[in-house]
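All remarks here apply to the structure that follows.
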Amino acid sequence: MTLWWIGDAVLLLVIVPVVVYLLRGVLEAARSIVPSVEGIAATAAAGSKDLDAAALLLTTQDQAAQTVAGVANYGGSLDVIVDDAEEG
Amino acid sequence: MVIAAIPAAGVVMLVAVLLIVLALVYFLVSTIVQLRRIAAGLDEVIAGVGEIVEKSAPVNGVVNAINEQLDAGVDLLEGLLVKKAGLSDAIGLIDSVYPGAGAAGLRKVPESTEVVAPRIGEVYTKGTLTLARLGREAPIAAASPAGQVLRNVEGGSLAARQLYPSVRHTSPENLPKSPVIGTDAPVQYEQRDDIGAPRKRRPIGRS
């Protein structure tokens with residue numbers, strides 16, 4: 001009977017606190033992840049929204065090509081009307 | 001009746017086990033709820049990242065194409081500048097527009113990094129002469145390019161304006177007024193009869 005009481009004491013004073021401590025640690029860890037995940041989700045949404053203008057790069061590409069073509073035409077005209085530098 | 005048959009130590013043990021089970025249920029259910037919230041949040045993250053990947057997929061190719069076109073433009077302009085101004089003056093002009101950039105040199109001309117940028121006044125003078133040669137009807141056009149340096153550092157603006165026939169740089173008290181035109185104008189010009197008439201033809205010469 002004495003051993004039985006000793007077992008009860010161990011169960012109540014050691015096992016139960018240890019189990020509660022471990023389970024509480026797991027729960028707090030899980031709770032701490034939630035704000036981080038929500039922050040990452042908000043950041044990903046904002047990043048996706050920032051990239052809405054990426055489609056305009058196609059317009060930029062066309063305009064860059066037209067600008068370079070204009071510069072090439074202008075350079076060709078300058079090449080004709082401006083004398084070359086004197087060598088030496 | 002069953003509990004009455006269990007000794008007190010056994011009842012205490014049952015209570016302890018019951019406490020452990022309750023603690024397990026409470027904490028594990030709470031953990032499950034939090035994990036479900038995490039899973040829902042990760043679903044939103046995956047959706048957002050998927051949009052980012054989808055939107056940024058063509059960026060690399062487009063930016064590379066733009067860079068290639070701009071590189072071609074830069075090569076063209078650098079080549080034209082070196083051809084027309086010479087390597088030394090080209091570096092001087094670049095260094096005057098972007099101070100310090102002349103030390104970096106030109107991409108297609110490796111030896112340009114060894115060129116010492118000349119004084120910018122020489123570049124301006126040659127540029128002025130070049131523009132004058134292009135037919136702006138400036139008095140300098142008739143001058144010899146080998147003449148006196150035209151750019152005055154202290155009064156460069158006035159020196160440049162004096163090249164043109166305008167009198168505004170002399171700060172006159174009265175400038176000529178704008179002419180009045182129309183039917184009420186003080187000066188009426190006679191309309192020439194030959195304007196709009198058929199051109200006069202020269203008589204055909206006989207050989």
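Note on naming: chains are A, B, ... as they come in the structure tokens, residues start from 1 per chain, ligands start from 1 in the order shown.
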Between chain A and chain B, at 6 Å or less, what are the per-residue closest atom pairs and their distances in Å? Count only C-alpha atoms, order by chain and rising residue number, and return it as a tab-separated table.
```
residue	atom	partner	partner_atom	distance
A:Trp5	CA	B:Ala9	CA	5.7
A:Asp8	CA	B:Met13	CA	5.4
A:Leu12	CA	B:Ala16	CA	5.9
A:Val16	CA	B:Ile20	CA	5.9
A:Leu23	CA	B:Phe27	CA	5.8
A:Leu27	CA	B:Thr31	CA	5.0
A:Ala30	CA	B:Gln34	CA	5.8
A:Arg31	CA	B:Gln34	CA	5.9
A:Val34	CA	B:Ile38	CA	5.4
A:Val37	CA	B:Gly41	CA	5.6
A:Glu38	CA	B:Gly41	CA	5.7
A:Ala41	CA	B:Val45	CA	4.4
A:Ala44	CA	B:Gly48	CA	4.9
A:Ala45	CA	B:Gly48	CA	5.0
A:Ser48	CA	B:Ile52	CA	4.8
A:Gln61	CA	B:Ile66	CA	5.4
A:Val68	CA	B:Gly73	CA	5.4
A:Asp84	CA	B:Lys84	CA	4.3
A:Ala85	CA	B:Lys84	CA	4.7
```
For this session: Tell me, in Å to one decimal, how far atom CA of Leu106 of chain B is from atom CA of Ser88 of chain B.
Result: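 About the pair atom CA of Leu106 of chain B and atom CA of Ser88 of chain B: they are 11.2 Å apart.
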Seminar exercise, completed: atom CA of Val109 of chain B sits from atom CA of Tyr74 of chain A at a separation of 22.0 Å
For this session: Please indicate the distance in Å from atom CA of Gly102 of chain B to atom CA of Glu114 of chain B, rounded to one decimal place.
Result: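 Separating atom CA of Gly102 of chain B from atom CA of Glu114 of chain B is a distance of 9.8 Å.
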Exercise. Residues at most 6 Å from segment 91-101 of chain B, counting only C-alpha atoms, excluding those fewer than 3 positions away in the same chain, as a list of chain:residue names?
Worked result: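 In the requested format, the answer is B:Ser88, B:Ala104, B:Ala117, B:Pro118.
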Written file, previous selection with C-alpha atoms, as a tab-separated table (two decimals), in the first residue's frame:
```tsv
chain	number	residue	atom	x	y	z
B	88	SER	CA	40.80	61.93	-76.43
B	104	ALA	CA	35.91	54.28	-66.67
B	117	ALA	CA	40.64	63.63	-70.25
B	118	PRO	CA	41.50	66.95	-71.95
```
